[in-house]
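What follows is the content of coords-v7.cif, which has mmCIF, C-alpha atoms:
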data_final
loop_
_atom_site.label_atom_id
_atom_site.label_comp_id
_atom_site.auth_asym_id
_atom_site.auth_seq_id
_atom_site.Cartn_x
_atom_site.Cartn_y
_atom_site.Cartn_z
CA MET A 1 0.00 0.00 0.00
CA TYR A 2 1.18 3.52 -0.86
CA LYS A 3 0.14 6.53 1.22
CA ALA A 4 0.61 10.29 0.90
CA ILE A 5 -0.98 12.99 3.08
CA HIS A 6 -1.39 16.65 2.08
CA GLY A 7 -2.73 19.58 4.08
CA PHE A 8 -4.01 19.62 7.65
CA GLY A 9 -7.24 20.01 9.54
CA LYS A 10 -10.83 19.33 8.54
CA PRO A 11 -12.41 18.07 6.40
CA VAL A 12 -10.29 14.98 5.80
CA VAL A 13 -10.91 13.32 2.43
CA GLY A 14 -9.51 9.87 1.68
CA ILE A 15 -9.00 9.08 -2.01
CA VAL A 16 -8.35 5.42 -2.78
CA GLY A 17 -7.13 4.00 -6.08
CA CYS A 18 -6.36 0.49 -7.26
CA LEU A 19 -8.47 -1.60 -4.93
CA HIS A 20 -8.32 -3.70 -8.07
CA GLY A 21 -4.73 -3.89 -9.22
CA ASN A 22 -5.59 -3.88 -12.92
CA GLU A 23 -7.56 -0.63 -12.73
CA VAL A 24 -4.62 1.69 -13.38
CA LEU A 25 -6.74 4.80 -13.91
CA GLY A 26 -6.91 5.25 -10.13
CA LYS A 27 -3.11 5.41 -9.96
CA LYS A 28 -3.03 8.06 -12.69
CA ILE A 29 -5.65 10.17 -10.91
CA ILE A 30 -3.79 9.99 -7.61
CA GLU A 31 -0.53 10.99 -9.33
CA THR A 32 -2.21 14.21 -10.51
CA LEU A 33 -3.35 15.01 -6.96
CA LYS A 34 0.04 14.63 -5.28
CA ASP A 35 1.04 18.27 -5.60
CA ILE A 36 -2.25 20.18 -5.50
CA SER A 37 -2.57 23.21 -3.23
CA LEU A 38 -5.30 23.01 -0.62
CA VAL A 39 -6.88 26.08 0.97
CA GLN A 40 -8.15 23.99 3.87
CA GLY A 41 -8.53 20.41 4.99
CA THR A 42 -6.51 17.27 4.33
CA ILE A 43 -6.40 14.67 1.59
CA VAL A 44 -5.15 11.15 2.24
CA LEU A 45 -4.07 9.47 -1.00
CA LEU A 46 -3.92 5.68 -0.97
CA LEU A 47 -2.93 3.19 -3.63
CA ALA A 48 -4.42 0.05 -2.17
CA ASN A 49 -3.40 -3.24 -3.76
CA THR A 50 0.11 -2.34 -4.90
CA GLU A 51 1.19 -6.00 -5.02
CA ALA A 52 -1.58 -6.82 -7.49
CA MET A 53 -0.66 -3.66 -9.44
CA LYS A 54 2.95 -4.85 -9.80
CA GLN A 55 1.74 -8.19 -11.15
CA GLY A 56 -0.88 -6.64 -13.44
CA LYS A 57 -3.63 -8.60 -11.69
CA ARG A 58 -7.05 -7.64 -10.34
CA PHE A 59 -6.12 -9.27 -7.01
CA ILE A 60 -3.68 -11.75 -5.44
CA ASP A 61 -5.96 -14.08 -3.46
CA ALA A 62 -9.45 -12.54 -3.50
CA ASP A 63 -11.35 -9.48 -4.73
CA LEU A 64 -10.30 -6.81 -2.21
CA ASN A 65 -13.60 -4.97 -2.62
CA ARG A 66 -15.41 -8.01 -1.24
CA CYS A 67 -13.03 -8.56 1.71
CA PHE A 68 -13.95 -5.77 4.13
CA PRO A 69 -13.71 -5.38 7.07
CA GLY A 70 -10.90 -7.95 6.69
CA LYS A 71 -9.30 -10.68 8.82
CA GLU A 72 -6.10 -10.45 10.86
CA ASN A 73 -5.02 -13.98 9.91
CA GLY A 74 -6.62 -13.94 6.48
CA ASN A 75 -5.26 -13.91 2.95
CA HIS A 76 -3.40 -11.01 1.30
CA GLU A 77 -6.51 -8.95 0.57
CA GLU A 78 -8.21 -9.65 3.92
CA LYS A 79 -5.14 -8.37 5.80
CA LEU A 80 -4.90 -5.39 3.46
CA ALA A 81 -8.56 -4.53 4.11
CA ILE A 82 -7.79 -4.07 7.82
CA SER A 83 -4.85 -1.76 7.04
CA LEU A 84 -6.92 0.33 4.65
CA LEU A 85 -9.75 0.84 7.12
CA ASP A 86 -7.22 1.88 9.75
CA GLU A 87 -5.83 4.54 7.40
CA LEU A 88 -9.33 5.78 6.51
CA SER A 89 -10.78 5.71 10.02
CA LYS A 90 -10.30 9.45 10.58
CA CYS A 91 -11.58 10.54 7.17
CA ASP A 92 -14.79 12.56 6.94
CA TYR A 93 -15.27 11.45 3.33
CA VAL A 94 -13.87 8.58 1.27
CA ILE A 95 -13.76 8.52 -2.53
CA ASP A 96 -13.03 5.09 -4.00
CA LEU A 97 -11.81 5.21 -7.62
CA HIS A 98 -12.66 2.48 -10.12
CA SER A 99 -12.57 1.95 -13.87
CA THR A 100 -14.56 -0.49 -15.98
CA SER A 101 -14.17 -2.19 -19.34
CA ALA A 102 -17.88 -1.50 -19.94
CA GLU A 103 -18.69 1.27 -22.40
CA THR A 104 -20.62 3.55 -20.08
CA GLU A 105 -21.22 7.04 -18.82
CA ASN A 106 -19.22 7.70 -15.69
CA PHE A 107 -21.26 7.33 -12.51
CA ILE A 108 -21.33 7.33 -8.71
CA ILE A 109 -21.98 4.20 -6.64
CA ILE A 110 -23.48 4.43 -3.15
CA THR A 111 -24.58 1.81 -0.64
CA LYS A 112 -26.12 4.22 1.92
CA GLU A 113 -28.41 7.24 1.70
CA ASP A 114 -27.67 9.24 4.85
CA GLU A 115 -27.26 13.02 4.82
CA GLU A 116 -23.46 13.04 4.67
CA THR A 117 -23.44 10.61 1.73
CA LYS A 118 -25.95 12.82 -0.09
CA LYS A 119 -23.72 15.84 0.54
CA LEU A 120 -20.74 14.00 -0.92
CA VAL A 121 -22.77 12.83 -3.93
CA HIS A 122 -23.89 16.40 -4.66
CA SER A 123 -20.25 17.56 -4.66
CA VAL A 124 -19.38 15.28 -7.60
CA PRO A 125 -20.10 16.68 -11.08
CA LEU A 126 -21.68 13.47 -12.41
CA ASN A 127 -25.42 13.04 -12.88
CA LYS A 128 -25.88 9.29 -12.47
CA VAL A 129 -26.01 7.69 -9.02
CA VAL A 130 -26.29 3.91 -8.67
CA LEU A 131 -27.54 2.56 -5.35
CA MET A 132 -26.41 -0.99 -4.59
CA LYS A 133 -28.19 -2.35 -1.54
CA ASN A 134 -26.66 -4.69 1.00
CA ASN A 135 -28.48 -7.79 -0.21
CA LEU A 136 -26.45 -7.59 -3.43
CA ILE A 137 -23.00 -6.80 -2.04
CA GLU A 138 -23.22 -8.29 1.48
CA THR A 139 -21.71 -5.13 3.09
CA LYS A 140 -18.18 -6.27 2.21
CA THR A 141 -17.18 -3.32 0.02
CA LEU A 142 -14.88 -0.52 1.13
CA ILE A 143 -17.55 2.19 1.06
CA ASP A 144 -19.86 0.11 3.24
CA ASN A 145 -17.22 0.01 5.96
CA VAL A 146 -16.31 3.69 6.25
CA GLY A 147 -18.29 6.52 7.78
CA CYS A 148 -19.16 8.27 4.52
CA GLY A 149 -17.97 6.88 1.20
CA ILE A 150 -18.79 6.72 -2.49
CA SER A 151 -17.22 4.96 -5.45
CA LEU A 152 -16.62 6.70 -8.76
CA GLU A 153 -16.86 4.34 -11.73
CA PHE A 154 -15.12 5.61 -14.86
CA ASP A 155 -15.13 4.13 -18.35
CA GLU A 156 -11.50 2.97 -18.68
CA ARG A 157 -11.28 4.74 -22.05
CA ILE A 158 -11.62 8.15 -20.40
CA LYS A 159 -8.59 10.42 -20.56
CA PRO A 160 -6.87 10.46 -17.13
CA GLU A 161 -6.95 14.26 -17.04
CA GLU A 162 -10.74 14.24 -17.53
CA ALA A 163 -11.23 11.75 -14.70
CA SER A 164 -8.84 13.76 -12.50
CA LEU A 165 -10.88 16.90 -13.18
CA VAL A 166 -14.01 15.19 -11.82
CA VAL A 167 -12.18 14.47 -8.55
CA MET A 168 -10.64 17.94 -8.46
CA ASN A 169 -14.04 19.57 -8.93
CA CYS A 170 -15.41 17.43 -6.13
CA LEU A 171 -12.66 18.81 -3.87
CA ARG A 172 -13.57 22.32 -5.02
CA ASN A 173 -17.20 21.80 -4.06
CA LEU A 174 -16.09 20.44 -0.67
CA LYS A 175 -14.08 23.69 -0.33
CA LEU A 176 -10.65 22.06 -0.04
CA VAL A 177 -9.52 23.75 -3.26
CA ASN A 178 -10.27 27.27 -4.50
CA GLY A 179 -13.07 27.64 -7.01
CA LYS A 180 -16.41 25.99 -7.48
CA CYS A 181 -17.81 23.62 -10.08
CA LYS A 182 -21.47 23.43 -11.05
CA SER A 183 -23.03 20.25 -9.68
CA GLU A 184 -25.25 18.01 -11.77
CA ILE A 185 -28.82 17.08 -10.85
CA PRO A 186 -28.41 13.38 -10.05
CA ILE A 187 -30.60 10.61 -11.42
CA ARG A 188 -30.82 7.68 -9.00
CA TYR A 189 -30.75 4.10 -10.27
CA LEU A 190 -31.60 1.32 -7.83
CA VAL A 191 -29.92 -2.00 -8.68
CA TYR A 192 -32.33 -4.80 -7.86
CA GLY A 193 -30.75 -7.82 -9.56
CA ASP A 194 -28.63 -9.03 -12.44
CA MET A 195 -28.95 -10.81 -15.76
CA LYS A 196 -26.88 -13.96 -16.08
CA LYS A 197 -25.21 -14.91 -19.34
CA SER A 198 -27.03 -17.73 -21.14
CA ARG A 199 -27.53 -19.26 -24.56
CA ASP A 200 -30.72 -17.21 -24.85
CA ASN A 201 -28.93 -13.85 -24.60
CA ILE A 202 -25.77 -14.60 -26.61
CA GLY A 203 -25.28 -11.67 -28.95
CA LEU A 204 -27.68 -9.43 -27.03
CA GLU A 205 -26.47 -5.85 -27.32
CA LEU A 206 -27.43 -3.48 -24.52
CA ILE A 207 -26.61 0.17 -23.88
CA ASN A 208 -25.83 1.10 -20.31
CA PHE A 209 -28.37 3.44 -18.71
CA ARG A 210 -30.78 3.07 -21.64
CA GLU A 211 -34.01 1.27 -20.78
CA VAL A 212 -34.52 -2.08 -22.47
CA GLU A 213 -37.22 -4.76 -22.39
CA VAL A 214 -36.08 -8.40 -22.26
CA CYS A 215 -38.63 -11.22 -21.93
CA GLY A 216 -41.27 -8.74 -20.85
CA GLU A 217 -39.10 -7.13 -18.14
CA LYS A 218 -38.13 -3.47 -18.47
CA PHE A 219 -34.91 -2.35 -16.79
CA TYR A 220 -31.82 -0.16 -17.15
CA PRO A 221 -28.61 -2.11 -17.80
CA ILE A 222 -25.63 -1.19 -15.62
CA LEU A 223 -22.06 -2.33 -16.39
CA PHE A 224 -22.99 -4.32 -19.49
CA GLY A 225 -19.67 -5.21 -21.09
CA GLU A 226 -17.64 -5.50 -17.87
CA LYS A 227 -15.15 -8.30 -18.54
CA GLU A 228 -14.51 -9.10 -14.87
CA TYR A 229 -18.11 -10.08 -14.07
CA GLY A 230 -17.85 -13.73 -15.10
CA ASN A 231 -21.30 -15.14 -15.77
CA ILE A 232 -23.12 -11.82 -15.16
CA LEU A 233 -24.20 -10.07 -18.37
CA CYS A 234 -25.23 -6.87 -16.60
CA LEU A 235 -26.83 -5.46 -13.48
CA LYS A 236 -30.51 -4.55 -13.68
CA ALA A 237 -31.76 -1.24 -12.30
CA LYS A 238 -34.82 0.96 -12.12
CA ILE A 239 -35.02 4.72 -11.75
CA CYS A 240 -36.10 5.89 -8.33
CA LYS A 241 -36.50 9.34 -6.81
CA ILE A 242 -33.60 10.82 -4.89
CA LYS A 243 -34.62 10.85 -1.24
CA GLY A 244 -34.47 14.17 0.54
#
As a first step, turn the structure in this file into structure tokens.
Amino acid sequence: MYKAIHGFGKPVVGIVGCLHGNEVLGKKIIETLKDISLVQGTIVLLLANTEAMKQGKRFIDADLNRCFPGKENGNHEEKLAISLLDELSKCDYVIDLHSTSAETENFIIITKEDEETKKLVHSVPLNKVVLMKNNLIETKTLIDNVGCGISLEFDERIKPEEASLVVMNCLRNLKLVNGKCKSEIPIRYLVYGDMKKSRDNIGLELINFREVEVCGEKFYPILFGEKEYGNILCLKAKICKIKG
């Protein structure tokens, strides 16, 4: 694990890249944030699974983003999960950076809908928010084990400077950096299940965030085209009102 701390005082924002070692966009974003000037607050920059990064793998023993809160005598990722939570324990906000092989608009992932999470969501200049409830992810993700956290999911084809600007504008809206960026009005998608790959849907072409009807069921595909999802073709979501 790599760590760098900049600034002092509140708020403290933890920015985590490379929970998955093959998602190198997070490393590139964090490299652009190493020397930024803060007008207040602190940023904690973490590159998580550096061993998997070195080997060009998603993980060593297990998917780190399904290993939280970790195990003291566990495998590589389970031990790493404990160390990461220790580093993030004093953070007011946590931003977890991810990239996907799916051709998609960039979006925010949340697992909670409390007031602080909503404040963090509204600081990010992206207009799609995907809520993944605990029955789908079993509360083992990073953002489910910190006080207030979101994940940012970027299409891996995005230019690193464009992805970095999203994070920088979030820091502007949180008042750590001078200036302000206009926030988007978020559309909330509730993930309620998934579509498994089968002989019946071979060749099925879906567009992420565009409503489709399959076998009489209407839904919005999320992360269609993600190569790391094994037998899952896509997640299925419906649009719901933002609460509050």
Quick check, in Å to one decimal: how far apart do CA of Ile110 in chain A and CA of Glu161 in chain A lie?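 For CA of Ile110 in chain A relative to CA of Glu161 in chain A, the distance reads 23.7 Å.
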Do you have the CA of Glu205 in chain A-CA of Asn106 in chain A distance handy? 19.3 Å
Write out as a count of residues only which residues come within 6 Å of range 49-52 of chain A when counting only C-alpha atoms, dropping same-chain ones fewer than 5 positions away. 7
Proximity of range 120-164 of chain A to range 82-104 of chain A: per-residue shortest pair, 10 Å limit, all atoms listed in the file, as a tab-separated table:
residue	atom	partner	partner_atom	distance
A:Leu120	CA	A:Tyr93	CA	7.4
A:Leu142	CA	A:Asp96	CA	7.8
A:Ile143	CA	A:Val94	CA	7.4
A:Asn145	CA	A:Leu85	CA	7.6
A:Val146	CA	A:Ser89	CA	7.0
A:Gly147	CA	A:Asp92	CA	7.0
A:Cys148	CA	A:Tyr93	CA	5.2
A:Gly149	CA	A:Val94	CA	4.4
A:Ile150	CA	A:Ile95	CA	5.3
A:Ser151	CA	A:Asp96	CA	4.4
A:Leu152	CA	A:Leu97	CA	5.2
A:Glu153	CA	A:His98	CA	4.9
A:Phe154	CA	A:Ser99	CA	4.6
A:Asp155	CA	A:Thr100	CA	5.2
A:Glu156	CA	A:Ser99	CA	5.0
A:Arg157	CA	A:Ser101	CA	8.0
A:Ile158	CA	A:Ser99	CA	9.1
A:Ala163	CA	A:Leu97	CA	9.7
So, counting all atoms listed in the file, which residue among A:Asn173, A:Asn22, A:Asn208, A:Ser198 is closest to Val130 in chain A?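 Nearest candidate to Val130 in chain A out of A:Asn173, A:Asn22, A:Asn208, A:Ser198: A:Asn208.
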Considering only C-alpha atoms, can you say which of A:Gly225, A:Pro69, A:Gly17, A:Gly7 comes closest to Ser37 in chain A? A:Gly7
Can you list what the PyMOL selection byres ((chain A and resi 125) around 6) grabs from this structure, as a PyMOL selection string? chain A and resi 124+126+183-184
Could those selected residues go to a file with C-alpha atoms, as an mmCIF file, keeping the file's coordinate frame?
data_model
loop_
_atom_site.group_PDB
_atom_site.id
_atom_site.type_symbol
_atom_site.label_atom_id
_atom_site.label_comp_id
_atom_site.auth_asym_id
_atom_site.auth_seq_id
_atom_site.Cartn_x
_atom_site.Cartn_y
_atom_site.Cartn_z
ATOM 1 C CA VAL A 124 -19.380 15.280 -7.600
ATOM 2 C CA LEU A 126 -21.680 13.470 -12.410
ATOM 3 C CA SER A 183 -23.030 20.250 -9.680
ATOM 4 C CA GLU A 184 -25.250 18.010 -11.770
#
Separation of CA of Ala237 in chain A and CA of Leu204 in chain A, in Å?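 Taking CA of Ala237 in chain A as the start and CA of Leu204 in chain A as the end point, the length is 17.3 Å.
When only C-alpha atoms are used to measure the gap to Glu213 in chain A, the shortest distance among A:Asn65, A:Ile187, A:Lys236, A:Tyr192 belongs to A:Lys236.
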With only C-alpha atoms as the basis for distance, which of A:Met53, A:Ala4, A:Cys67, A:Leu190 is at the shortest distance from Leu25 in chain A?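 With only C-alpha atoms as the atom set, the closest residue is A:Met53.
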To verify the selection step, state as an MDAnalysis selection string which residues the PyMOL selection byres ((chain A and resi 217-221) around 6) yields on this input. chainID A and resid 208:216 222 234:238
Can you tell me, as a PyMOL selection string, which residues sit within 6 Å of (-8.4, -5.3, 1.6) in the file's frame, using all atoms listed in the file? chain A and resi 64+67+77-78+80-81
Please list as a tab-separated table (two decimals) with C-alpha atoms, keeping the file's coordinate frame every residue within 7 Å of range 44-46 of chain A, counting all atoms listed in the file and excluding residues in the same chain fewer than 6 positions away.
chain	number	residue	atom	x	y	z
A	1	MET	CA	0.00	0.00	0.00
A	2	TYR	CA	1.18	3.52	-0.86
A	3	LYS	CA	0.14	6.53	1.22
A	4	ALA	CA	0.61	10.29	0.90
A	5	ILE	CA	-0.98	12.99	3.08
A	6	HIS	CA	-1.39	16.65	2.08
A	13	VAL	CA	-10.91	13.32	2.43
A	14	GLY	CA	-9.51	9.87	1.68
A	15	ILE	CA	-9.00	9.08	-2.01
A	16	VAL	CA	-8.35	5.42	-2.78
A	17	GLY	CA	-7.13	4.00	-6.08
A	30	ILE	CA	-3.79	9.99	-7.61
